[in-house]
file query11.cif (mmCIF, C-alpha atoms)
data_model
loop_
_atom_site.label_atom_id
_atom_site.label_comp_id
_atom_site.auth_asym_id
_atom_site.auth_seq_id
_atom_site.Cartn_x
_atom_site.Cartn_y
_atom_site.Cartn_z
CA MET A 1 0.00 0.00 0.00
CA PRO A 2 1.18 3.58 -0.63
CA SER A 3 2.70 5.57 2.25
CA ASP A 4 0.31 7.50 4.52
CA SER A 5 1.67 10.86 3.32
CA GLN A 6 0.33 10.08 -0.14
CA GLU A 7 -3.21 9.38 1.04
CA SER A 8 -6.39 11.38 1.49
CA VAL A 9 -7.67 11.95 5.04
CA PHE A 10 -10.36 9.28 4.65
CA THR A 11 -7.95 6.73 3.17
CA ASN A 12 -5.57 7.32 6.07
CA SER A 13 -8.46 6.82 8.49
CA VAL A 14 -9.27 3.47 6.89
CA LYS A 15 -5.64 2.37 7.03
CA ASN A 16 -5.42 3.40 10.69
CA LEU A 17 -8.58 1.44 11.43
CA LEU A 18 -7.09 -1.61 9.74
CA ARG A 19 -3.87 -1.25 11.73
CA ASP A 20 -5.76 -0.83 15.00
CA PHE A 21 -7.70 -3.99 14.29
CA HIS A 22 -4.91 -6.20 12.97
CA ASP A 23 -1.39 -4.90 12.50
CA PRO A 24 1.06 -7.75 11.83
CA SER A 25 4.06 -5.46 12.32
CA ASP A 26 2.96 -4.40 15.81
CA ALA A 27 0.73 -7.24 16.90
CA GLU A 28 0.70 -6.48 20.62
CA ASP A 29 -1.19 -3.21 20.21
CA SER A 30 -3.85 -4.33 17.73
CA ALA A 31 -7.15 -5.99 18.65
CA ILE A 32 -6.00 -9.26 17.10
CA GLY A 33 -2.66 -8.88 18.85
CA VAL A 34 -4.21 -8.70 22.30
CA ALA A 35 -6.48 -11.64 21.44
CA LEU A 36 -3.47 -13.66 20.37
CA ALA A 37 -1.74 -12.84 23.65
CA TYR A 38 -4.88 -13.87 25.57
CA PHE A 39 -5.05 -17.26 23.85
CA ASN A 40 -1.33 -17.89 24.21
CA GLU A 41 -1.41 -17.19 27.93
CA LEU A 42 -4.59 -19.18 28.39
CA GLU A 43 -3.15 -22.22 26.64
CA GLY A 44 0.50 -21.88 27.58
CA GLU A 45 2.60 -22.32 30.65
CA SER A 46 1.08 -19.39 32.51
CA LYS A 47 -2.36 -20.81 33.36
CA ALA A 48 -1.52 -20.64 37.03
CA LYS A 49 -0.18 -17.13 36.56
CA MET A 50 -3.40 -16.02 34.87
CA SER A 51 -5.44 -17.47 37.70
CA ASN A 52 -3.30 -15.58 40.20
CA GLU A 53 -3.58 -12.36 38.17
CA ALA A 54 -7.35 -12.68 38.16
CA ASN A 55 -7.30 -12.96 41.98
CA THR A 56 -5.16 -9.85 42.29
CA GLY A 57 -7.23 -7.88 39.80
CA GLU A 58 -4.55 -7.72 37.12
CA GLY A 59 -6.45 -10.15 34.91
CA GLU A 60 -9.57 -7.99 35.19
CA LYS A 61 -7.61 -4.91 34.17
CA LEU A 62 -6.38 -6.71 31.07
CA ARG A 63 -9.92 -7.82 30.22
CA ILE A 64 -11.29 -4.30 30.55
CA ALA A 65 -8.46 -3.02 28.34
CA ARG A 66 -9.24 -5.63 25.66
CA LEU A 67 -12.91 -4.71 25.75
CA ALA A 68 -12.17 -0.99 25.55
CA ASN A 69 -9.90 -1.67 22.58
CA ILE A 70 -12.51 -3.49 20.51
CA ILE A 71 -15.22 -0.96 21.45
CA TYR A 72 -12.95 1.85 20.25
CA ILE A 73 -12.37 0.11 16.91
CA ALA A 74 -16.09 -0.59 16.48
CA THR A 75 -16.84 3.04 17.28
CA GLN A 76 -14.35 4.28 14.68
CA LEU A 77 -15.88 2.00 12.08
CA LEU A 78 -19.35 3.28 12.97
CA LYS A 79 -18.22 6.90 12.56
CA LEU A 80 -16.64 6.15 9.18
CA THR A 81 -19.70 4.40 7.77
CA GLU A 82 -22.78 6.16 9.13
CA GLY A 83 -24.09 9.71 8.68
CA LYS A 84 -27.10 11.66 9.82
CA ASN A 85 -29.51 9.85 7.48
CA TRP A 86 -29.88 6.82 5.22
CA LYS A 87 -28.44 8.52 2.13
CA GLU A 88 -25.28 9.75 3.86
CA THR A 89 -24.83 6.33 5.39
CA GLN A 90 -24.96 4.61 2.00
CA VAL A 91 -22.31 6.98 0.63
CA GLN A 92 -20.03 6.55 3.63
CA SER A 93 -20.40 2.78 3.59
CA SER A 94 -19.69 2.65 -0.14
CA ARG A 95 -16.64 4.78 0.46
CA LEU A 96 -15.18 2.53 3.13
CA LEU A 97 -15.93 -0.71 1.27
CA GLY A 98 -14.50 0.72 -1.93
CA THR A 99 -11.41 2.08 -0.20
CA LEU A 100 -10.61 -1.30 1.35
CA PHE A 101 -10.89 -2.97 -2.03
CA LEU A 102 -8.90 -0.26 -3.81
CA LEU A 103 -6.06 -0.55 -1.29
CA SER A 104 -5.46 -4.15 -2.36
CA SER A 105 -3.34 -4.86 -5.41
CA TYR A 106 -5.33 -8.11 -5.82
CA ASP A 107 -2.10 -9.72 -6.89
CA GLY A 108 0.74 -11.58 -5.21
CA PRO A 109 1.08 -13.44 -1.89
CA LYS A 110 0.72 -10.30 0.25
CA ALA A 111 -2.79 -9.73 -1.07
CA ARG A 112 -4.05 -12.92 0.59
CA ARG A 113 -2.93 -11.84 4.05
CA LEU A 114 -4.16 -8.31 3.48
CA HIS A 115 -7.58 -9.64 2.49
CA GLN A 116 -7.65 -11.80 5.61
CA ARG A 117 -7.07 -8.68 7.73
CA MET A 118 -9.70 -6.68 5.84
CA LYS A 119 -12.48 -9.26 5.89
CA PRO A 120 -13.91 -8.66 9.40
CA ILE A 121 -14.17 -4.91 8.82
CA TYR A 122 -15.65 -5.33 5.34
CA LYS A 123 -18.34 -7.79 6.40
CA ALA A 124 -19.19 -5.78 9.51
CA VAL A 125 -20.24 -2.85 7.31
CA LEU A 126 -22.34 -5.06 5.05
CA SER A 127 -23.89 -6.78 8.05
CA VAL A 128 -25.31 -3.51 9.37
CA ARG A 129 -26.46 -2.41 5.92
CA LEU A 130 -28.30 -5.73 5.58
CA LEU A 131 -29.94 -5.15 8.95
CA ASP A 132 -31.13 -1.71 7.80
CA GLY A 133 -32.46 -3.22 4.58
CA LEU A 134 -34.46 -5.86 6.42
CA LEU A 135 -35.76 -3.37 8.96
CA ALA A 136 -37.04 -1.21 6.10
CA LYS A 137 -39.04 -4.24 4.92
CA ASP A 138 -40.29 -5.10 8.44
CA LYS A 139 -38.52 -8.46 8.13
CA ILE A 140 -36.69 -8.37 11.47
CA THR A 141 -38.35 -10.24 14.33
CA HIS A 142 -35.54 -10.46 16.88
CA PRO A 143 -36.96 -8.86 20.06
CA TYR A 144 -33.68 -7.26 21.17
CA ILE A 145 -33.27 -5.41 17.87
CA LEU A 146 -36.89 -4.26 17.78
CA LYS A 147 -36.70 -3.12 21.41
CA HIS A 148 -34.07 -0.52 20.50
CA PHE A 149 -35.27 0.42 17.01
CA ASP A 150 -36.98 3.67 16.20
CA SER A 151 -36.89 4.62 12.51
CA LYS A 152 -36.93 8.32 13.42
CA GLN A 153 -33.86 7.96 15.63
CA ARG A 154 -31.80 5.51 13.64
CA TYR A 155 -28.77 7.56 12.61
CA PHE A 156 -26.42 10.08 14.23
CA SER A 157 -28.27 12.70 16.21
CA PRO A 158 -27.07 16.20 17.13
CA GLU A 159 -28.52 15.73 20.62
CA THR A 160 -26.48 12.67 21.61
CA GLU A 161 -23.17 11.11 20.64
CA TYR A 162 -24.90 7.93 19.49
CA THR A 163 -28.49 6.95 19.08
CA GLU A 164 -29.90 4.15 21.22
CA PHE A 165 -29.93 1.87 18.19
CA GLN A 166 -26.28 2.57 17.38
CA GLN A 167 -25.21 1.99 20.97
CA PHE A 168 -27.16 -1.16 21.75
CA VAL A 169 -27.51 -2.82 18.32
CA VAL A 170 -25.03 -1.49 15.74
CA LEU A 171 -21.91 -1.47 17.91
CA PRO A 172 -22.53 -5.00 19.29
CA MET A 173 -23.16 -6.20 15.73
CA ILE A 174 -19.88 -4.70 14.56
CA ILE A 175 -18.01 -6.30 17.45
CA ALA A 176 -19.59 -9.70 16.74
CA ASN A 177 -18.45 -9.44 13.12
CA LEU A 178 -14.95 -8.33 14.08
CA ILE A 179 -14.38 -11.26 16.44
CA GLN A 180 -16.31 -13.93 14.54
CA ASP A 181 -13.11 -15.81 13.65
CA VAL A 182 -10.85 -14.58 16.42
CA GLY A 183 -10.68 -18.18 17.64
CA LEU A 184 -8.41 -18.95 14.69
CA PHE A 185 -5.64 -17.27 16.67
CA HIS A 186 -5.89 -19.88 19.41
CA PRO A 187 -2.75 -22.08 19.42
CA LYS A 188 -4.74 -25.24 18.65
CA CYS A 189 -6.27 -23.60 15.57
CA ARG A 190 -2.96 -22.15 14.46
CA GLU A 191 -1.40 -25.60 14.66
CA ILE A 192 -4.01 -26.89 12.21
CA LEU A 193 -3.59 -23.90 9.89
CA TYR A 194 0.20 -23.76 9.92
CA GLY A 195 1.03 -27.37 10.78
CA LYS A 196 3.00 -28.58 13.81
CA SER A 197 6.25 -27.34 12.30
CA GLY A 198 4.68 -24.01 11.34
CA ASP A 199 5.61 -24.20 7.67
CA GLN A 200 2.21 -24.94 6.08
CA ASP A 201 0.23 -22.50 3.93
CA GLU A 202 -2.56 -21.22 6.17
CA PHE A 203 -4.80 -20.68 3.13
CA ARG A 204 -4.48 -24.20 1.73
CA VAL A 205 -7.57 -26.40 1.36
CA LEU A 206 -7.84 -28.53 4.49
CA ASP A 207 -9.02 -32.13 4.45
CA LYS A 208 -12.48 -32.77 5.84
CA GLU A 209 -11.35 -33.97 9.27
CA ASP A 210 -9.11 -30.96 9.88
CA ARG A 211 -11.72 -28.56 8.51
CA ILE A 212 -14.43 -29.83 10.87
CA LEU A 213 -12.03 -29.77 13.82
CA LEU A 214 -10.94 -26.23 12.96
CA LEU A 215 -14.53 -24.99 12.77
CA ARG A 216 -15.32 -26.53 16.16
CA LEU A 217 -12.19 -25.18 17.85
CA ASN A 218 -12.61 -21.74 16.28
CA TYR A 219 -16.19 -21.43 17.48
CA LYS A 220 -15.36 -22.60 21.01
CA ALA A 221 -12.39 -20.23 21.31
CA THR A 222 -14.35 -17.32 19.81
CA MET A 223 -17.22 -17.72 22.27
CA ASP A 224 -14.71 -17.98 25.10
CA TYR A 225 -13.08 -14.76 23.96
CA LEU A 226 -16.44 -12.99 23.73
CA THR A 227 -17.69 -14.01 27.16
CA LYS A 228 -14.41 -14.16 29.12
CA GLY A 229 -11.68 -12.47 27.14
CA LEU A 230 -13.87 -9.42 26.51
CA GLY A 231 -16.86 -9.89 28.79
CA LYS A 232 -19.15 -7.07 29.86
CA GLU A 233 -18.53 -3.43 30.66
CA LYS A 234 -18.43 -2.45 34.32
CA TYR A 235 -20.75 0.12 35.82
CA ILE A 236 -19.06 3.22 37.16
CA GLY A 237 -21.13 5.17 39.65
CA ASN A 238 -22.95 5.03 42.98
CA SER A 239 -26.59 4.59 41.98
CA LYS A 240 -27.96 1.17 42.83
CA GLN A 241 -30.85 1.53 40.36
CA GLU A 242 -28.55 2.70 37.56
CA ARG A 243 -26.28 -0.26 38.27
CA ILE A 244 -29.19 -2.69 37.96
CA VAL A 245 -30.30 -1.17 34.65
CA PHE A 246 -26.74 -1.04 33.32
CA ASN A 247 -26.01 -4.66 34.19
CA GLN A 248 -29.28 -5.79 32.63
CA GLN A 249 -28.37 -3.94 29.42
CA GLN A 250 -24.97 -5.61 29.41
CA ASP A 251 -26.55 -9.04 29.90
CA GLU A 252 -28.97 -8.46 27.02
CA GLN A 253 -26.21 -7.12 24.78
CA MET A 254 -24.02 -10.16 25.45
CA GLU A 255 -26.93 -12.49 24.72
CA PHE A 256 -27.53 -10.65 21.43
CA MET A 257 -23.91 -11.07 20.32
CA GLU A 258 -24.03 -14.75 21.27
CA ASP A 259 -27.22 -15.12 19.20
CA LEU A 260 -25.47 -13.57 16.19
CA LEU A 261 -22.42 -15.81 16.41
CA LYS A 262 -24.35 -18.99 17.16
CA GLY A 263 -26.90 -18.20 14.47
CA ALA A 264 -24.21 -17.65 11.83
CA LEU A 265 -23.31 -21.37 12.03
CA SER A 266 -26.74 -22.38 10.76
CA PRO A 267 -28.74 -19.22 10.02
CA LYS A 268 -31.87 -20.68 8.39
CA ASP A 269 -34.32 -17.78 8.84
CA GLY A 270 -32.77 -16.38 12.01
CA VAL A 271 -30.64 -13.43 13.05
CA GLY A 272 -27.46 -15.30 12.06
CA ASN A 273 -28.15 -14.34 8.44
CA LEU A 274 -26.98 -10.84 9.30
CA ILE A 275 -23.45 -12.20 9.67
CA LYS A 276 -23.48 -15.33 7.49
CA ILE A 277 -24.56 -13.71 4.22
CA PRO A 278 -21.98 -10.88 4.35
CA GLN A 279 -19.38 -13.45 5.43
CA VAL A 280 -19.92 -15.60 2.34
CA TYR A 281 -19.94 -12.57 0.03
CA THR A 282 -16.78 -11.15 1.58
CA SER A 283 -14.96 -14.45 1.20
CA VAL A 284 -15.31 -14.07 -2.58
CA VAL A 285 -14.67 -10.33 -2.90
CA LEU A 286 -11.63 -10.42 -0.62
CA SER A 287 -10.43 -13.81 -1.75
CA THR A 288 -7.55 -15.65 -0.10
CA LYS A 289 -7.20 -18.22 -2.87
CA ALA A 290 -3.78 -18.88 -4.35
CA LYS A 291 -5.07 -17.75 -7.72
CA MET A 292 -7.32 -14.71 -7.50
CA ASP A 293 -9.17 -13.55 -10.60
CA LEU A 294 -11.00 -10.22 -10.75
CA MET A 295 -13.40 -11.81 -13.22
CA ASP A 296 -14.79 -13.99 -10.41
CA LEU A 297 -15.89 -11.15 -8.16
CA PRO A 298 -19.19 -10.29 -9.88
CA LYS A 299 -20.17 -13.94 -9.34
CA ALA A 300 -20.27 -13.54 -5.55
CA ILE A 301 -23.98 -12.70 -5.45
CA PHE A 302 -24.82 -15.89 -7.35
CA LEU A 303 -23.28 -17.91 -4.51
CA ILE A 304 -25.59 -16.09 -2.10
CA ASP A 305 -28.53 -16.87 -4.38
CA GLN A 306 -27.61 -20.56 -4.48
CA LEU A 307 -27.41 -20.73 -0.69
CA ALA A 308 -30.87 -19.17 -0.48
CA LYS A 309 -32.31 -21.66 -2.95
CA SER A 310 -30.84 -24.55 -0.96
CA GLY A 311 -32.31 -23.19 2.27
CA SER A 312 -28.91 -22.58 3.85
CA VAL A 313 -29.67 -18.89 4.32
CA ASP A 314 -32.93 -16.97 4.45
CA ALA A 315 -34.31 -16.16 1.00
CA GLU A 316 -35.61 -12.70 1.92
CA ALA A 317 -32.32 -11.76 3.58
CA ALA A 318 -30.39 -12.97 0.53
CA LYS A 319 -32.65 -11.02 -1.82
CA THR A 320 -32.25 -7.87 0.27
CA PHE A 321 -28.49 -8.23 0.42
CA ILE A 322 -28.13 -8.78 -3.32
CA LYS A 323 -30.20 -5.66 -3.97
CA ILE A 324 -27.88 -3.64 -1.73
CA VAL A 325 -24.57 -4.74 -3.29
CA GLY A 326 -25.60 -5.35 -6.90
CA GLN A 327 -23.52 -7.59 -9.13
CA PHE A 328 -20.33 -5.52 -9.04
CA PRO A 329 -18.51 -4.96 -5.73
CA GLN A 330 -17.56 -1.52 -4.46
CA GLY A 331 -14.26 -0.40 -5.98
CA PHE A 332 -14.49 -2.85 -8.89
CA GLY A 333 -12.89 -1.59 -12.10
CA VAL A 334 -15.50 -1.42 -14.87
CA VAL A 335 -14.54 -1.06 -18.54
CA TYR A 336 -17.26 0.52 -20.67
CA CYS A 337 -17.88 1.84 -24.15
CA GLN A 338 -20.45 4.17 -25.66
CA PRO A 339 -21.36 5.47 -29.14
CA ASP A 340 -20.25 8.96 -30.08
CA HIS A 341 -22.64 11.92 -30.31
CA ALA A 342 -23.72 10.84 -33.77
CA ASP A 343 -24.52 7.34 -32.49
CA ASN A 344 -21.66 5.82 -34.42
CA PRO A 345 -20.26 2.54 -33.06
CA PRO A 346 -17.65 3.13 -30.34
CA ASP A 347 -14.00 3.07 -31.33
CA LYS A 348 -12.61 2.98 -27.78
CA TYR A 349 -13.38 2.03 -24.23
CA GLU A 350 -13.05 3.96 -20.97
CA TYR A 351 -12.53 3.12 -17.30
CA ALA A 352 -14.88 3.55 -14.34
CA ILE A 353 -14.97 2.41 -10.70
CA VAL A 354 -18.05 1.17 -8.83
CA ASN A 355 -18.70 3.79 -6.14
CA GLN A 356 -22.29 3.38 -4.88
CA LEU A 357 -24.45 0.73 -3.27
CA ASN A 358 -28.10 0.04 -4.12
CA PRO A 359 -28.09 0.06 -7.94
CA GLU A 360 -31.57 0.28 -9.44
CA LYS A 361 -30.84 -2.72 -11.65
CA LEU A 362 -28.73 -5.63 -10.46
CA ARG A 363 -26.37 -5.76 -13.44
CA GLU A 364 -26.07 -1.98 -13.95
CA PRO A 365 -23.48 -0.70 -11.46
CA LEU A 366 -23.32 2.87 -10.22
CA CYS A 367 -19.82 4.08 -11.07
CA ARG A 368 -17.48 7.05 -11.28
CA ALA A 369 -15.82 7.64 -14.67
CA VAL A 370 -12.05 7.86 -14.14
CA THR A 371 -10.93 8.31 -17.74
CA ARG A 372 -12.09 10.76 -20.35
CA SER A 373 -10.94 10.41 -23.96
CA LEU A 374 -8.41 7.82 -22.75
CA GLN A 375 -6.91 10.21 -20.19
CA PHE A 376 -7.15 9.59 -16.44
CA THR A 377 -9.11 12.29 -14.65
CA SER A 378 -9.94 13.21 -11.06
CA SER A 379 -13.14 14.99 -12.06
CA GLY A 380 -15.21 12.31 -13.74
CA THR A 381 -18.99 12.07 -13.55
CA ASN A 382 -21.12 9.36 -11.98
CA LEU A 383 -22.43 6.76 -14.40
CA VAL A 384 -25.05 4.05 -14.60
CA VAL A 385 -23.27 1.50 -16.77
CA THR A 386 -25.73 -0.69 -18.67
CA THR A 387 -25.00 -4.24 -19.78
CA ASP A 388 -24.78 -3.02 -23.39
CA ALA A 389 -21.92 -0.71 -22.42
CA ASN A 390 -20.11 -2.86 -19.82
CA LEU A 391 -17.33 -4.96 -21.35
CA TYR A 392 -17.85 -7.60 -18.68
CA PHE A 393 -20.84 -8.69 -20.77
CA PRO A 394 -20.77 -10.16 -24.31
CA SER A 395 -23.16 -7.59 -25.79
CA ALA A 396 -20.75 -4.73 -25.10
CA ARG A 397 -17.73 -6.72 -26.24
CA ASP A 398 -19.48 -7.41 -29.53
CA LEU A 399 -19.67 -3.66 -30.16
CA LEU A 400 -15.89 -3.46 -30.06
CA SER A 401 -15.11 -6.74 -31.77
CA LYS A 402 -14.46 -5.08 -35.13
CA ILE A 403 -11.88 -2.63 -33.82
CA SER A 404 -8.45 -3.43 -35.24
CA LYS A 405 -5.69 -4.85 -33.09
CA GLU A 406 -3.62 -1.77 -33.88
CA ARG A 407 -6.33 0.52 -32.46
CA LEU A 408 -6.69 -1.62 -29.35
CA GLU A 409 -2.94 -1.47 -28.81
CA GLU A 410 -3.12 2.30 -29.20
CA ILE A 411 -5.85 2.49 -26.54
CA LEU A 412 -3.85 0.32 -24.20
CA SER A 413 -0.76 2.39 -24.81
CA LEU A 414 -2.61 5.58 -23.89
CA LEU A 415 -4.11 4.08 -20.74
CA TYR A 416 -1.06 2.27 -19.47
CA LYS A 417 1.69 4.25 -21.19
CA GLU A 418 3.01 0.99 -22.54
CA SER A 419 1.72 -1.20 -25.33
CA LYS A 420 3.05 -4.66 -24.47
CA HIS A 421 0.59 -6.28 -22.09
CA GLY A 422 0.19 -9.43 -24.12
CA GLY A 423 -2.81 -11.27 -25.46
CA GLU A 424 -6.16 -10.32 -26.90
CA ARG A 425 -7.84 -10.54 -23.50
CA GLU A 426 -5.77 -7.63 -22.27
CA LEU A 427 -6.35 -5.70 -25.46
CA LEU A 428 -10.09 -5.96 -24.93
CA PRO A 429 -10.39 -6.26 -21.14
CA HIS A 430 -13.45 -7.45 -19.24
CA CYS A 431 -12.42 -5.31 -16.25
CA TRP A 432 -9.33 -3.55 -14.92
CA ASN A 433 -7.14 -3.56 -11.79
CA VAL A 434 -7.70 -0.27 -9.98
CA TYR A 435 -4.82 -0.43 -7.47
CA ASP A 436 -2.23 1.71 -9.29
CA PHE A 437 -4.83 4.37 -10.06
CA PHE A 438 -5.95 4.66 -6.43
CA SER A 439 -2.38 4.90 -5.16
CA GLU A 440 -2.37 8.59 -6.18
CA LYS A 441 -4.00 10.94 -3.66
CA ARG A 442 -5.68 13.09 -6.32
CA PHE A 443 -7.68 10.08 -7.51
CA GLN A 444 -8.94 9.01 -4.08
CA ASN A 445 -12.09 11.11 -3.88
CA LEU A 446 -14.48 9.01 -5.92
CA TRP A 447 -17.46 9.70 -3.68
CA ASN A 448 -17.94 13.48 -3.80
CA LYS A 449 -21.18 14.73 -5.35
CA SER A 450 -21.44 14.50 -9.10
CA THR A 451 -24.07 14.50 -11.81
CA THR A 452 -25.16 11.07 -12.99
CA LYS A 453 -25.69 9.86 -16.53
CA THR A 454 -26.44 6.51 -18.12
CA VAL A 455 -24.15 4.88 -20.68
#
call {"tool": "encode", "arguments": {"input": "query11.cif", "output": "C-alpha cells"}}
result
Amino acid sequence: MPSDSQESVFTNSVKNLLRDFHDPSDAEDSAIGVALAYFNELEGESKAKMSNEANTGEGEKLRIARLANIIYIATQLLKLTEGKNWKETQVQSSRLLGTLFLLSSYDGPKARRLHQRMKPIYKAVLSVRLLDGLLAKDKITHPYILKHFDSKQRYFSPETEYTEFQQFVVLPMIIANLIQDVGLFHPKCREILYGKSGDQDEFRVLDKEDRILLLRLNYKATMDYLTKGLGKEKYIGNSKQERIVFNQQQDEQMEFMEDLLKGALSPKDGVGNLIKIPQVYTSVVLSTKAKMDLMDLPKAIFLIDQLAKSGSVDAEAAKTFIKIVGQFPQGFGVVYCQPDHADNPPDKYEYAIVNQLNPEKLREPLCRAVTRSLQFTSSGTNLVVTTDANLYFPSARDLLSKISKERLEEILSLLYKESKHGGERELLPHCWNVYDFFSEKRFQNLWNKSTTKTV
C-alpha cells in the first residue's frame, strides 16, 4: 500500500482502522494482537499465573483493556460508515468498502494476508447495511433489535453522541463481526492452519477432518473470547438503580452477540443471516485463494442466491443483500464503451470504478468515470453502466469486436503508457485492476457529489 503521506484523510483513516484492528508489524497493540496474547497465555505455561492475576485484579484490568480496545475500533468503524440519514450512510459505507478494495493490489502473496485482515471490517459494514435493509421491509423479528429500534432515531443525532440503536444494536453487531473468527488465533487452531512445524500454507484447502475440527475449535475459542476475554462493561457510579439497569443492558447485549455468532453457524431464517450472508460474500470479494481472478468477483452474489435456494440462508435476507450490493462490488474496475454523439459505433473504451451501493438494476453498477478520452481524470462524472456498455458482458464486447488490433494497442498504450501487455484478452479487457490508479491521492475522492448519466 502507498505511504500515509500520499493518502487522502479518509484513506488514512481506513488504514489506521485496519492497523488498529490487525497490524502484523505491531501485533501487541492491535485488537487481534491482544487476542493472540490472551489465547497464548490461556493455553501456555502461565495458566496458574493467569489465575493468580485474576485474583489480584490484574487479569480484570487486562480484560477491561481488551474490551475498551474493541469498542474503540467498532466506534471508529461506525463513525466512518454512518451519517445523519440513510443517504449519507450509503455513501459513507460505499466509500469505506471501496477504499478497502482499492487498497489491495489483488495480486501476489501479500494480497491474501491483506484480504484476511480486511475481511472482518468489510463484512461488519455489510452486516449492518443488511440489517437496515431488512428493517425497512419489516422483516426483522428479533426482540432485542426491535426493542431498541426507532426509525426516526436511527442515525447520528445532534442531541447525543450515538443513538440508542447505534449503541445497543449497531456497535454489538460490529463487534460480533470483528471477532467472529478470532478463535483462529488460538494455538490449537494455528497448529491446524500452519502445521505442527509451522511451515504450512494457512490458506491451503484442508481435508475434511481438519476442517471440521478447525470450525469446532474456532467457534469454542471465539465464544470464550467474547464471554471471558472481553466480557461485559463495568458500571461506574454510585446509583444502585442505575447499576441494575446497566447490568441488565450488558446481559442483554451479550446475549444478542451470542445469538449472532451462534446463528451464523446455521442461520436458516434467524438473526445469524446478518453475519453469514456478508461473510460468504466477503470471502469471494476479498479472496484468499492462491489464484485470484477479478473476473470472479461479480459472481459472488450468485453464490448467495444458491445458498438461499438450498435453504442454507434466508431467501428474503439474501434477496435484500443482493439488492444492496448489486452484481459488481464496491471499488471494482468497470470497462465501458459508448457510441459517439452521432450514435456511431464506439471506437474505444473507458474506465470507471463502482462507487455506490443500491443500484436500481442488479447488473447496472453505479460508477465514477475515471478516464475521459483515454486520459485519467480526477473529475469524472457518476455513471449508470448498462449491460450493453459494460465490457464484462458479451453484448458490449461485440460492439468493439471489429476494432483493429492496432487501435486496441493504441488504446492500451494511452491508458497504461506501454503497449506490451500481451494477449487479446488484455487488449479488450473485461475489467481492470484499480490499485495503481488509487495509489495517487488526487484520484482518491471518488465519492464526492457528481451529476449522474447513463451509458
call {"tool": "residues_around", "arguments": {"input": "query11.cif", "residues": "region 114-130 of chain A", "least_positions_apart": "2", "cutoff": "6 Å", "atoms": "all atoms listed in the file", "output": "list of chain:residue names"}}
result
A:Ala111, A:Arg112, A:Asp132, A:Gly133, A:Ile174, A:Asn177, A:Leu178, A:Leu274, A:Ile275, A:Pro278, A:Gln279, A:Leu286, A:Phe321
call {"tool": "closest_residue", "arguments": {"input": "query11.cif", "among": "A:Gln76, A:Gln444, A:Thr387, A:Gln330", "to": "Leu18 (chain A)", "atoms": "only C-alpha atoms"}}
result
A:Gln76
call {"tool": "resolve_selection", "arguments": {"input": "query11.cif", "expression": "the PyMOL selection byres ((chain A and resi 147) around 12)", "output": "PyMOL selection string"}}
result
chain A and resi 140-146+148-151+164-165+168-169+249+252-253+256
call {"tool": "resolve_selection", "arguments": {"input": "query11.cif", "expression": "the PyMOL selection byres ((chain A and resi 293) around 12)", "output": "list of chain:residue names"}}
result
A:Ser105, A:Tyr106, A:Asp107, A:Gly108, A:Val284, A:Val285, A:Leu286, A:Ser287, A:Thr288, A:Lys289, A:Ala290, A:Lys291, A:Met292, A:Leu294, A:Met295, A:Asp296, A:Leu297, A:Pro298, A:Lys299, A:His430, A:Cys431, A:Trp432, A:Asn433
call {"tool": "closest_residue", "arguments": {"input": "query11.cif", "among": "A:Ser266, A:Gln327, A:Thr160, A:Ser283", "to": "Phe393 (chain A)", "atoms": "all atoms listed in the file"}}
result
A:Gln327
call {"tool": "resolve_selection", "arguments": {"input": "query11.cif", "expression": "the PyMOL selection byres ((chain A and resi 223-226) around 8)", "output": "PyMOL selection string"}}
result
chain A and resi 35+179+182-183+219-222+227-231+258
call {"tool": "closest_residue", "arguments": {"input": "query11.cif", "among": "A:Asn40, A:Gln166, A:Thr451, A:Ser8", "to": "Ser439 (chain A)", "atoms": "only C-alpha atoms"}}
result
A:Ser8
call {"tool": "residues_around", "arguments": {"input": "query11.cif", "residues": "region 98-101 of chain A", "least_positions_apart": "3", "cutoff": "6 Å", "atoms": "all atoms listed in the file", "output": "VMD selection string"}}
result
chain A and resid 94 to 95 104 330 to 331
call {"tool": "closest_residue", "arguments": {"input": "query11.cif", "among": "A:Cys337, A:Met173, A:Val455, A:Leu214", "to": "Lys188 (chain A)", "atoms": "all atoms listed in the file"}}
result
A:Leu214
call {"tool": "atom_distance", "arguments": {"input": "query11.cif", "atom1": "CA of Arg66 (chain A)", "atom2": "CA of Val170 (chain A)"}}
result
19.1 Å
call {"tool": "closest_residue", "arguments": {"input": "query11.cif", "among": "A:Glu233, A:Leu96, A:Pro158, A:Ser25", "to": "Asn69 (chain A)", "atoms": "all atoms listed in the file"}}
result
A:Glu233
